[in-house]
There are 4 protein chains.
Amino acid sequence: MKALVYHGPGSKSWEEKPKPVITHPADAIVKIYKTTICGTDLHILKGDVPEVTDGRILGHEGVGIVEETGSAVSNFKKGDHVLISCITSCGKCSYCKKGMYSHCGNGGWILGHLIDGTQAEYVRIPYADTSLYPIPAGADEEALVMLSDILPTGFECGVLNGQVKPGDTVAIIGAGPVGLAALLTAQFYSPAEIIMVDMDDNRLEVAKTFGATHTINSNQVNVVDEIKKITASRGVDTAIEAVGVSATFELCQAIIAPGGVIANVGVHGKSAQLHLETLWSQNITITTRLVDTVTTPMLLKTVQGNKLKPGQLITHRFKLNDIIQAYETFGNAGREKALKVIMTNE
Amino acid sequence: MKALVYHGPGSKSWEEKPKPVITHPADAIVKIYKTTICGTDLHILKGDVPEVTDGRILGHEGVGIVEETGSAVSNFKKGDHVLISCITSCGKCSYCKKGMYSHCGNGGWILGHLIDGTQAEYVRIPYADTSLYPIPAGADEEALVMLSDILPTGFECGVLNGQVKPGDTVAIIGAGPVGLAALLTAQFYSPAEIIMVDMDDNRLEVAKTFGATHTINSNQVNVVDEIKKITASRGVDTAIEAVGVSATFELCQAIIAPGGVIANVGVHGKSAQLHLETLWSQNITITTRLVDTVTTPMLLKTVQGNKLKPGQLITHRFKLNDIIQAYETFGNAGREKALKVIMTNE
Amino acid sequence: MKALVYHGPGSKSWEEKPKPVITHPADAIVKIYKTTICGTDLHILKGDVPEVTDGRILGHEGVGIVEETGSAVSNFKKGDHVLISCITSCGKCSYCKKGMYSHCGNGGWILGHLIDGTQAEYVRIPYADTSLYPIPAGADEEALVMLSDILPTGFECGVLNGQVKPGDTVAIIGAGPVGLAALLTAQFYSPAEIIMVDMDDNRLEVAKTFGATHTINSNQVNVVDEIKKITASRGVDTAIEAVGVSATFELCQAIIAPGGVIANVGVHGKSAQLHLETLWSQNITITTRLVDTVTTPMLLKTVQGNKLKPGQLITHRFKLNDIIQAYETFGNAGREKALKVIMTNE
Amino acid sequence: MKALVYHGPGSKSWEEKPKPVITHPADAIVKIYKTTICGTDLHILKGDVPEVTDGRILGHEGVGIVEETGSAVSNFKKGDHVLISCITSCGKCSYCKKGMYSHCGNGGWILGHLIDGTQAEYVRIPYADTSLYPIPAGADEEALVMLSDILPTGFECGVLNGQVKPGDTVAIIGAGPVGLAALLTAQFYSPAEIIMVDMDDNRLEVAKTFGATHTINSNQVNVVDEIKKITASRGVDTAIEAVGVSATFELCQAIIAPGGVIANVGVHGKSAQLHLETLWSQNITITTRLVDTVTTPMLLKTVQGNKLKPGQLITHRFKLNDIIQAYETFGNAGREKALKVIMTNE
């Protein structure tokens with residue numbers, strides 16, 4: 001089969017690889033139908049994720065069709081249309097039992113990381129019963145690719161951890177795909193105001209059409225001042241950090257109201273200053289989270305009930321065979337006005 | 001001043017009464033601007049609420065303008081536009097401290113019940129600082145009358161107690177004003193499906209325009225069968241009882257899914273059968289509640305943020321002087337297609 | 001092997017049966033070391049549980065040693081000492097994923113009910129990885145038999161559902177083994193008062209040594225009056241029904257404080273009156289639950305940390321071969337002053 | 001009357017001051033019976049709290065007897081024995097209504113800070129109805145002085161925010177009075193293990209008698225290594241920071257398990273490094289809080305129910321007239337083996 005293979009920092013190719021086979025009774029082999037590229041894939045290609053070694057097939061998102069199942073798989077059978085979760089969950093370790101699949105003792109984020117991933121014609125999914133989700137008949141499968149990672153990430157790490165409530169004021173720092181996913185899913189809870197902060201006017205325009213009540217270009221104005229104006233100096237109830245750098249995390253500390261929550265979504269490479277000298281008495285909460293994908297069944301229901309339209313995040317479409325070109329587009333997201341790109345295995 | 005006075009079962013009149021005066025340092029006198037009639041007022045007039053005695057001014061809803069304040073009132077001053085809560089809260093008893101204002105040791109539901117109420121030109125509000133809410137400049141004051149009782153009742157007793165969540169299936173039994181208030185506020189949490197059940201086709205039509213995804217006329221079909229069809233036999237996650245009779249409470253028991261919540265909103269005059277012989281193992285929760293109005297500030301914010309449009313519930317408008325006629329209309333709600341009637345003190 | 005076999009209402013025998021074998025990759029065969037008898041087993045023997053058919057091996061509690069595992073079992077291997085949960089959980093259906101193992105689509109309460117149980121020399125445990133728990137080295141295995149059913153039942157259905165909190169006043173109606181399990185585990189949350197109600201003076205004496213602050217013999221005094229005295233007429237914060245008859249459930253309604261919780265633990269055969277005519281405005285919560293055993297790992301930790309001493313519930317010990325005599329003793333619990341009886345497979 | 005008066009950094013005196021008078025209808029004047037000294041008082045005396053100005057009477061803890069009440073006070077009358085909360089709550093601002101008294105728009109921490117405090121023969125308490133608590137007849141009033149500040153601080157900021165649960169492993173960094181208060185109240189929730197960390201062997205000995213299961217002297221061993229040994233390398237579920245310096249806050253980050261909570265209690269003067277480069281994916285929660293004293297009524301109940309014995313924290317007793325000597329002892333807490341000192345107004 002063909003697959004997108006990592007060959008060390010800066011090097012990747014679309015090449016022939018052996019088709020995966022069942023190696024454990026709980027495995028399934030899935031024929032990929034549609035997949036996408038994540039910002040994390042770009043990090044891997046830069047060499048920022050050293051656990052990923054030469055020869056690894058990348059990708060941790062996608063939908064497909066079950067090709068074969070191991071003897072212990074009971075929820076799925078050949079021919080079933082399935083959503084692949086970016087997080088593999090064994091369903092039987094102590095972390096899985098408490099819904100923290102991200103720290104599964106036998107899985108977690110392994111696809112396109114520690115084992116071969118979804119940017120290929122076929123993928124092996126361990127613990128298929130608890131790592132795949134059935135796609136309802138008639139669903140928009142392309143849109144559901146957004147449920148592999150980006151929607152649960154924005155929702156669980158940003159919105160749920162951020163405790164967004166009706167009537168609240170929410171700020172989301174970063175209008176990339178995950179920040180926009182937080183914007184879409186924050187609206188499940190009817191906050192009164194959602195303030196979107198970014199440096200890219202195009203993304204802020206998109207944010208407006210997605211439901212942001214205010215947008216702030218942090219290159220043009222002082223964000224703290226603007227937010228104080230909007231909130232009568234009180235600050236926001238929830239600040240969602242969806243960038244992953246110290247400066248934006250420290251911005252969150254400057255805009256949070258007493259009693260508020262800072263929910264970190266971004267992947268950080270460095271530490272940040274935590275201003276305990278002012279925050280110690282402010283009754284705030286800070287959370288971090290690697291997505292657990294525990295809300296995937298619920299997100300599927302909201303898509304079915306038309307409360308969530310994840311297809312809005314897709315800006316470009318390619319054949320799977322043209323994945324190198326898709327990487328080119330996604331790697332120049334600003335210039336290309338790209339959010340999520342879809343590759344279809346035709 | 002003029003006021004609507006109860007004179008025993010079946011008897012009321014619009015008559016001259018002394019203007020109220022401050023009797024305690026925490027009191028305020030409010031000039032009524034707009035008020036409305038509640039189903040409970042009709043119950044009182046039938047003689048169903050024996051604590052209400054001859055001579056009592058009825059009414060527990062309304063907006064107005066502060067006329068005078070006692071020496072201990074600090075949140076309000078003459079001229080402030082205020083929303084009157086149906087629940088009086090002293091803010092300093094053990095129940096108020098835990099947010100259960102309905103059981104306030106010094107207040108609770110007393111307006112138009114144990115003390116004179118809001119269907120008058122003026123009303124005395126005890127514990128004004130904690131029983132009135134400031135109306136933001138520019139707000140639609142008429143719509144805010146719905147926040148005195150009906151919206152917090154539907155929301156707190158139905159939606160919050162019912163634990164409505166994104167993706168859920170909710171059934172609301174009873175499409176009267178409070179059931180419709182539950183329908184409007186349930187949507188704060190983005191359930192996938194809201195099934196409205198009533199016997200009145202007009203109200204079910206209204207429910208559809210208010211966001212119900214399914215409506216069932218219980219006079220025409222078997223409700224349990226219909227709900228089983230909609231939910232693939234599973235039942236609903238939340239059943240909200242907004243009628244107040246045994247039959248509808250028992251219906252809720254027949255349609256609730258394992259793990260679901262039955263939230264009682266209705267005022268009941270009789271006991272109901274609780275089918276513990278089947279429900280003991282179904283992991284369900286049943287809640288009751290007299291509205292606490294603890295969510296009033298939040299509801300005000302959702303109205304300001306345009307997430308809630310309570311004015312939709314108003315079907316008829318009168319001058320306060322024509323309140324007898326307003327009672328006539330509201331008392332024949334089915335024939336008049338009346339939901340809430342507004343009386344304005346011009 | 002030898003096993004206790006049900007032969008229709010009133011009939012059981014200790015007889016030879018084939019040793020169970022692995023029938024699914026997720027199965028394990030466990031050699032029973034210690035088991036016990038549940039009140040439910042007595043109900044089955046009376047014919048009250050018609051799903052149990054002639055030939056069924058009874059019993060859903062016990063500890064043992066893994067004898068053999070299916071190919072998909074990864075948490076356990078031959079020789080491991082294990083605690084058997086009364087609830088079988090597949091770990092991969094929608095109910096298991098939300099921690100409601102009691103309603104597992106592939107399991108639930110099936111042991112000694114729909115499949116052969118633990119009152120035998122060997123038992124087959126389906127979904128072993130998610131239905132067995134490892135016993136720490138050096139643990140008191142006899143005491144852990146109480147964690148198969150009785151402790152999680154009292155804790156989850158009574159204490160957790162009852163929302164027991166520090167400083168609260170709790171009433172537990174019924175001082176049988178499950179009521180006493182609720183008494184022991186309620187103390188995890190340091191309520192100020194625990195009132196135990198029963199008709200058996202011996203059990204009330206036991207309750208005192210287990211931590212009850214007050215005991216009431218319902219044959220001798222008026223329970224409602226006594227509880228009003230203890231609570232200055234306010235009622236209790238939590239009422240735990242651990243009997244399973246209408247009268248005790250109705251008693252809970254008479255003693256609950258505004259804002260309180262009635263947690264039903266008892267298995268009911270009939271409906272009860274729910275006094276909505278008074279309770280509609282009392283802001284109460286009523287819960288039902290079949291035990292999920294989702295807290296078993298936590299209960300194991302409290303036993304290891306010496307916060308819970310479940311061995312206190314054991315009053316009689318037998319050889320497994322003498323199980324008929326053990327049934328005799330347990331069946332006359334009042335006369336024999338029996339709580340839980342242990343049978344050891346030597 | 002006599003009072004302990006601050007006269008700028010390093011300077012205090014026990015001197016004559018005018019007896020306070022009612023200045024607002026919600027005030028009460030309380031005759032101090034017993035008071036104590038807080039670590040914060042020492043900070044003020046060093047000049048670390050510049051809002052405290054020359055002439056201020058210090059102290060924010062104590063019990064006393066109501067001497068006089070304003071016209072709006074209804075919960076208390078002359079002669080009532082009362083507990084004074086360190087936090088003044090108006091009961092009617094938006095923060096008070098959500099139980100965040102620490103940020104009360106009209107109060108918060110003002111006693112001995114922005115208005116005169118409790119280290120005097122009399123004190124004026126604003127918003128008396130919501131800032132004083134009735135002392136039950138027969139209570140140990142001396143022990144209740146611990147409920148003015150230290151117990152609610154350890155409990156709310158450490159234990160409640162730290163989400164301590166039955167079976168958990170908890171580490172408390174700092175065995176001073178507040179750390180020990182957290183230790184006492186953590187036991188309300190029956191954690192399996194409580195590890196106490198300090199540099200003072202005497203305080204660690206006290207911690208053992210108060211219920212610590214493990215103690216670590218951070219001067220003698222590597223704390224991270226020790227805690228890894230105790231927790232099988234997993235880390236702790238809850239880490240409570242009760243010192244207030246960057247190093248101990250960073251220690252908490254090194255010992256927290258995935259999914260755990262770091263609850264900050266300490267008063268910090270500087271920022272700390274937050275290691276987002278490792279913590280971003282660890283699903284942790286960090287909280288800060290100025291005590292709200294919202295749990296004071298509950299703490300009173302646990303003292304009455306004998307679940308909490310706060311008198312254990314008192315090591316030294318003085319006459320109020322000897323307060324200068326009491327400061328001397330408390331200021332040399334290590335050498336004097338002092339925890340809390342009590343001064344009695346005889």
# chains A, B, ... in the order shown; residues from 1 in each chain; ligands from 1
$ residues_around --residues "Leu299 in chain D" --least-positions-apart "2" --cutoff "9 Å" --atoms "only C-alpha atoms" --output "ChimeraX atom specification"
/C:166-167 /D:147,151-152,295-297,301-304,308
$ write_last_selection --atoms "C-alpha atoms" --output "mmCIF file, in the first residue's frame"
data_model
loop_
_atom_site.group_PDB
_atom_site.id
_atom_site.type_symbol
_atom_site.label_atom_id
_atom_site.label_comp_id
_atom_site.auth_asym_id
_atom_site.auth_seq_id
_atom_site.Cartn_x
_atom_site.Cartn_y
_atom_site.Cartn_z
ATOM 1 C CA PRO C 166 -18.984 16.614 56.318
ATOM 2 C CA GLY C 167 -21.245 17.922 59.074
ATOM 3 C CA LEU D 147 -12.444 28.748 62.884
ATOM 4 C CA LEU D 151 -9.397 26.085 59.632
ATOM 5 C CA PRO D 152 -11.501 27.457 56.755
ATOM 6 C CA THR D 295 -17.732 26.590 55.054
ATOM 7 C CA THR D 296 -17.726 28.069 58.558
ATOM 8 C CA PRO D 297 -21.240 26.779 59.420
ATOM 9 C CA LYS D 301 -21.138 21.322 62.815
ATOM 10 C CA THR D 302 -18.122 19.051 62.503
ATOM 11 C CA VAL D 303 -16.708 20.502 65.729
ATOM 12 C CA GLN D 304 -20.061 19.930 67.447
ATOM 13 C CA LEU D 308 -12.812 18.042 64.166
#
$ interface_residues --of "chain B" --to "chain C" --cutoff "6 Å" --atoms "only C-alpha atoms" --output "mmCIF file with all heavy atoms, in the first residue's frame"
data_model
loop_
_atom_site.group_PDB
_atom_site.id
_atom_site.type_symbol
_atom_site.label_atom_id
_atom_site.label_comp_id
_atom_site.auth_asym_id
_atom_site.auth_seq_id
_atom_site.Cartn_x
_atom_site.Cartn_y
_atom_site.Cartn_z
ATOM 1 N N HIS B 268 -48.164 20.101 42.511
ATOM 2 C CA HIS B 268 -49.047 18.948 42.639
ATOM 3 C C HIS B 268 -49.985 19.071 43.836
ATOM 4 O O HIS B 268 -49.571 19.549 44.899
ATOM 5 C CB HIS B 268 -48.219 17.664 42.799
ATOM 6 C CG HIS B 268 -47.490 17.275 41.554
ATOM 7 N ND1 HIS B 268 -47.926 16.283 40.717
ATOM 8 C CD2 HIS B 268 -46.374 17.778 40.971
ATOM 9 C CE1 HIS B 268 -47.089 16.168 39.690
ATOM 10 N NE2 HIS B 268 -46.134 17.069 39.811
ATOM 11 N N GLY B 269 -51.195 18.607 43.659
ATOM 12 C CA GLY B 269 -52.165 18.602 44.753
ATOM 13 C C GLY B 269 -52.359 17.218 45.337
ATOM 14 O O GLY B 269 -52.990 17.054 46.372
ATOM 15 N N LYS B 270 -51.818 16.204 44.658
ATOM 16 C CA LYS B 270 -52.016 14.818 45.101
ATOM 17 C C LYS B 270 -50.709 14.039 44.995
ATOM 18 O O LYS B 270 -49.812 14.429 44.253
ATOM 19 C CB LYS B 270 -53.057 14.132 44.206
ATOM 20 C CG LYS B 270 -54.447 14.698 44.329
ATOM 21 C CD LYS B 270 -55.422 13.853 43.541
ATOM 22 C CE LYS B 270 -56.821 14.465 43.629
ATOM 23 N NZ LYS B 270 -57.707 13.940 42.565
ATOM 24 N N SER B 271 -50.647 12.907 45.662
ATOM 25 C CA SER B 271 -49.477 12.040 45.535
ATOM 26 C C SER B 271 -49.549 11.273 44.217
ATOM 27 O O SER B 271 -50.583 11.254 43.543
ATOM 28 C CB SER B 271 -49.412 11.066 46.705
ATOM 29 O OG SER B 271 -50.478 10.152 46.627
ATOM 30 N N ALA B 272 -48.422 10.666 43.848
ATOM 31 C CA ALA B 272 -48.360 9.837 42.633
ATOM 32 C C ALA B 272 -47.760 8.491 42.999
ATOM 33 O O ALA B 272 -47.096 8.342 44.031
ATOM 34 C CB ALA B 272 -47.488 10.535 41.579
ATOM 35 N N GLN B 273 -48.002 7.487 42.149
ATOM 36 C CA GLN B 273 -47.340 6.195 42.332
ATOM 37 C C GLN B 273 -45.906 6.304 41.832
ATOM 38 O O GLN B 273 -45.669 6.799 40.728
ATOM 39 C CB GLN B 273 -48.046 5.095 41.519
ATOM 40 C CG GLN B 273 -49.394 4.677 42.064
ATOM 41 C CD GLN B 273 -49.284 3.987 43.414
ATOM 42 O OE1 GLN B 273 -48.465 3.092 43.583
ATOM 43 N NE2 GLN B 273 -50.056 4.441 44.386
ATOM 44 N N LEU B 274 -44.970 5.808 42.636
ATOM 45 C CA LEU B 274 -43.580 5.739 42.186
ATOM 46 C C LEU B 274 -43.264 4.255 41.972
ATOM 47 O O LEU B 274 -43.311 3.461 42.925
ATOM 48 C CB LEU B 274 -42.645 6.350 43.232
ATOM 49 C CG LEU B 274 -41.172 6.334 42.843
ATOM 50 C CD1 LEU B 274 -40.912 7.184 41.606
ATOM 51 C CD2 LEU B 274 -40.315 6.820 44.001
ATOM 52 N N HIS B 275 -42.937 3.905 40.744
ATOM 53 C CA HIS B 275 -42.806 2.483 40.408
ATOM 54 C C HIS B 275 -41.419 1.948 40.755
ATOM 55 O O HIS B 275 -40.636 1.572 39.883
ATOM 56 C CB HIS B 275 -43.188 2.268 38.953
ATOM 57 C CG HIS B 275 -44.643 2.496 38.738
ATOM 58 N ND1 HIS B 275 -45.605 1.608 39.166
ATOM 59 C CD2 HIS B 275 -45.321 3.558 38.235
ATOM 60 C CE1 HIS B 275 -46.814 2.097 38.890
ATOM 61 N NE2 HIS B 275 -46.672 3.283 38.336
ATOM 62 N N LEU B 276 -41.177 1.870 42.058
ATOM 63 C CA LEU B 276 -39.892 1.374 42.531
ATOM 64 C C LEU B 276 -39.656 -0.070 42.131
ATOM 65 O O LEU B 276 -38.499 -0.503 42.048
ATOM 66 C CB LEU B 276 -39.818 1.505 44.058
ATOM 67 C CG LEU B 276 -39.643 2.928 44.571
ATOM 68 C CD1 LEU B 276 -39.768 2.958 46.093
ATOM 69 C CD2 LEU B 276 -38.275 3.472 44.156
ATOM 70 N N GLU B 277 -40.727 -0.817 41.868
ATOM 71 C CA GLU B 277 -40.540 -2.231 41.511
ATOM 72 C C GLU B 277 -39.798 -2.375 40.180
ATOM 73 O O GLU B 277 -39.173 -3.385 39.934
ATOM 74 C CB GLU B 277 -41.893 -2.961 41.491
ATOM 75 C CG GLU B 277 -42.789 -2.644 40.311
ATOM 76 C CD GLU B 277 -43.577 -1.333 40.466
ATOM 77 O OE1 GLU B 277 -43.220 -0.503 41.329
ATOM 78 O OE2 GLU B 277 -44.547 -1.148 39.702
ATOM 79 N N TRP B 280 -36.115 0.758 40.823
ATOM 80 C CA TRP B 280 -35.060 0.620 41.845
ATOM 81 C C TRP B 280 -33.692 0.345 41.204
ATOM 82 O O TRP B 280 -32.671 0.782 41.729
ATOM 83 C CB TRP B 280 -35.410 -0.480 42.851
ATOM 84 C CG TRP B 280 -35.252 -1.885 42.328
ATOM 85 C CD1 TRP B 280 -36.193 -2.650 41.729
ATOM 86 C CD2 TRP B 280 -34.059 -2.673 42.348
ATOM 87 N NE1 TRP B 280 -35.673 -3.867 41.362
ATOM 88 C CE2 TRP B 280 -34.364 -3.902 41.740
ATOM 89 C CE3 TRP B 280 -32.757 -2.465 42.827
ATOM 90 C CZ2 TRP B 280 -33.416 -4.924 41.584
ATOM 91 C CZ3 TRP B 280 -31.808 -3.476 42.666
ATOM 92 C CH2 TRP B 280 -32.137 -4.689 42.056
ATOM 93 N N SER B 281 -33.687 -0.345 40.074
ATOM 94 C CA SER B 281 -32.410 -0.741 39.460
ATOM 95 C C SER B 281 -32.070 0.100 38.244
ATOM 96 O O SER B 281 -31.143 -0.231 37.501
ATOM 97 C CB SER B 281 -32.491 -2.208 39.031
ATOM 98 O OG SER B 281 -33.499 -2.350 38.028
ATOM 99 N N GLN B 282 -32.780 1.197 38.016
ATOM 100 C CA GLN B 282 -32.600 1.934 36.764
ATOM 101 C C GLN B 282 -31.687 3.160 36.897
ATOM 102 O O GLN B 282 -31.540 3.929 35.962
ATOM 103 C CB GLN B 282 -33.967 2.335 36.175
ATOM 104 C CG GLN B 282 -34.797 1.119 35.769
ATOM 105 C CD GLN B 282 -34.059 0.233 34.790
ATOM 106 O OE1 GLN B 282 -33.779 0.633 33.666
ATOM 107 N NE2 GLN B 282 -33.694 -0.975 35.210
ATOM 108 N N ASN B 283 -31.113 3.360 38.058
ATOM 109 C CA ASN B 283 -30.121 4.444 38.259
ATOM 110 C C ASN B 283 -30.687 5.804 37.858
ATOM 111 O O ASN B 283 -30.018 6.607 37.219
ATOM 112 C CB ASN B 283 -28.840 4.155 37.455
ATOM 113 C CG ASN B 283 -28.159 2.864 37.871
ATOM 114 O OD1 ASN B 283 -28.823 1.895 38.242
ATOM 115 N ND2 ASN B 283 -26.842 2.851 37.852
ATOM 116 N N ILE B 284 -31.930 6.045 38.241
ATOM 117 C CA ILE B 284 -32.538 7.327 37.880
ATOM 118 C C ILE B 284 -32.507 8.297 39.058
ATOM 119 O O ILE B 284 -32.282 7.912 40.198
ATOM 120 C CB ILE B 284 -33.985 7.168 37.383
ATOM 121 C CG1 ILE B 284 -34.884 6.665 38.513
ATOM 122 C CG2 ILE B 284 -34.060 6.285 36.162
ATOM 123 C CD1 ILE B 284 -36.300 7.080 38.321
ATOM 124 N N THR B 285 -32.734 9.550 38.731
ATOM 125 C CA THR B 285 -32.801 10.625 39.716
ATOM 126 C C THR B 285 -34.132 11.359 39.514
ATOM 127 O O THR B 285 -34.530 11.596 38.377
ATOM 128 C CB THR B 285 -31.631 11.605 39.493
ATOM 129 O OG1 THR B 285 -30.402 10.896 39.658
ATOM 130 C CG2 THR B 285 -31.675 12.767 40.467
ATOM 131 N N ILE B 286 -34.784 11.682 40.608
ATOM 132 C CA ILE B 286 -36.021 12.476 40.562
ATOM 133 C C ILE B 286 -35.771 13.718 41.408
ATOM 134 O O ILE B 286 -35.245 13.607 42.516
ATOM 135 C CB ILE B 286 -37.212 11.691 41.162
ATOM 136 C CG1 ILE B 286 -37.481 10.433 40.337
ATOM 137 C CG2 ILE B 286 -38.460 12.570 41.255
ATOM 138 C CD1 ILE B 286 -38.450 9.469 41.020
ATOM 139 N N THR B 287 -36.135 14.880 40.881
ATOM 140 C CA THR B 287 -35.929 16.094 41.673
ATOM 141 C C THR B 287 -37.215 16.899 41.772
ATOM 142 O O THR B 287 -38.058 16.865 40.869
ATOM 143 C CB THR B 287 -34.868 17.017 41.043
ATOM 144 O OG1 THR B 287 -35.340 17.445 39.765
ATOM 145 C CG2 THR B 287 -33.539 16.311 40.872
ATOM 146 N N THR B 288 -37.336 17.616 42.882
ATOM 147 C CA THR B 288 -38.416 18.596 43.033
ATOM 148 C C THR B 288 -37.767 19.922 43.414
ATOM 149 O O THR B 288 -36.658 19.953 43.934
ATOM 150 C CB THR B 288 -39.409 18.205 44.145
ATOM 151 O OG1 THR B 288 -38.792 18.367 45.430
ATOM 152 C CG2 THR B 288 -39.895 16.777 43.994
ATOM 153 N N ARG B 289 -38.468 21.024 43.164
ATOM 154 C CA ARG B 289 -37.879 22.318 43.507
ATOM 155 C C ARG B 289 -38.917 23.430 43.405
ATOM 156 O O ARG B 289 -39.653 23.506 42.427
ATOM 157 C CB ARG B 289 -36.724 22.630 42.541
ATOM 158 C CG ARG B 289 -35.897 23.856 42.899
ATOM 159 C CD ARG B 289 -34.624 23.885 42.060
ATOM 160 N NE ARG B 289 -33.752 25.008 42.391
ATOM 161 C CZ ARG B 289 -32.550 25.217 41.839
ATOM 162 N NH1 ARG B 289 -32.077 24.363 40.943
ATOM 163 N NH2 ARG B 289 -31.820 26.244 42.192
ATOM 164 N N LEU B 290 -38.940 24.248 44.406
ATOM 165 C CA LEU B 290 -39.592 25.547 44.294
ATOM 166 C C LEU B 290 -38.490 26.476 43.803
ATOM 167 O O LEU B 290 -37.363 26.424 44.308
ATOM 168 C CB LEU B 290 -40.109 25.986 45.665
ATOM 169 C CG LEU B 290 -40.755 27.371 45.742
ATOM 170 C CD1 LEU B 290 -41.945 27.513 44.806
ATOM 171 C CD2 LEU B 290 -41.210 27.648 47.185
#
$ select_by_dssp --residues "range 41-203 of chain A" --states "strand (DSSP E or B)" --output "PyMOL selection string"
chain A and resi 57+62-69+81-84+88+108+111+115+120+122-125+132-134+169-173+193-198
$ residues_around --residues "Ile87 in chain D" --least-positions-apart "6" --cutoff "10 Å" --atoms "only C-alpha atoms" --output "list in words"
His60, Glu61, Tyr101, Ser102, His103, Cys104, Gly107, Gly108, Trp109, Ile110, Leu111, Thr130, Ser131, Leu132, Ser148, Asp149, Leu290, Val291, Asp292, Thr293 and Val294 of chain D
$ residues_around --residues "Asp225 in chain B" --least-positions-apart "4" --cutoff "12 Å" --atoms "only C-alpha atoms" --output "PyMOL selection string"
chain B and resi 216+218+220-221+229-235+251+254-255
$ closest_residue --among "B:Ile314, B:Ala338, B:Met298, B:Ala192" --to "Asp168 in chain A" --atoms "only C-alpha atoms"
B:Met298
$ residues_around --residues "Ile135 in chain D" --least-positions-apart "5" --cutoff "9 Å" --atoms "only C-alpha atoms" --output "MDAnalysis selection string"
chainID D and resid 63 80:83 141 144 300
$ select_by_dssp --residues "range 38-261 of chain B" --states "alpha helix (DSSP H)" --output "JSON, numbers by chain"
{"B": [39, 40, 41, 42, 43, 44, 45, 46, 94, 95, 96, 97, 128, 129, 130, 131, 141, 142, 143, 144, 150, 151, 152, 177, 178, 179, 180, 181, 182, 183, 184, 185, 186, 201, 202, 203, 204, 205, 206, 207, 208, 209, 223, 224, 225, 226, 227, 228, 229, 230, 246, 247, 248, 249, 250, 251, 252, 253, 254, 255]}
$ atom_distance --atom1 "CA of Val164 in chain B" --atom2 "CA of Lys208 in chain B"
18.8 Å
$ closest_residue --among "A:Cys86, A:Ala139, A:Ser11, A:Gly91" --to "Thr153 in chain A" --atoms "only C-alpha atoms"
A:Cys86
$ atom_distance --atom1 "CA of Gly211 in chain A" --atom2 "CA of Gly138 in chain A"
26.7 Å
$ closest_residue --among "D:Asn75, D:Leu313, D:Met196, D:Gly176" --to "Asn106 in chain B" --atoms "only C-alpha atoms"
D:Asn75
$ residues_around --residues "Asp129 in chain C" --least-positions-apart "3" --cutoff "12 Å" --atoms "only C-alpha atoms" --output "number ranges by chain"
A: 90-94, 97; C: 25-29, 66, 69-77, 82-85, 88-92, 125-126, 132-134
$ atom_distance --atom1 "CA of Trp14 in chain C" --atom2 "CA of Arg317 in chain C"
17.3 Å
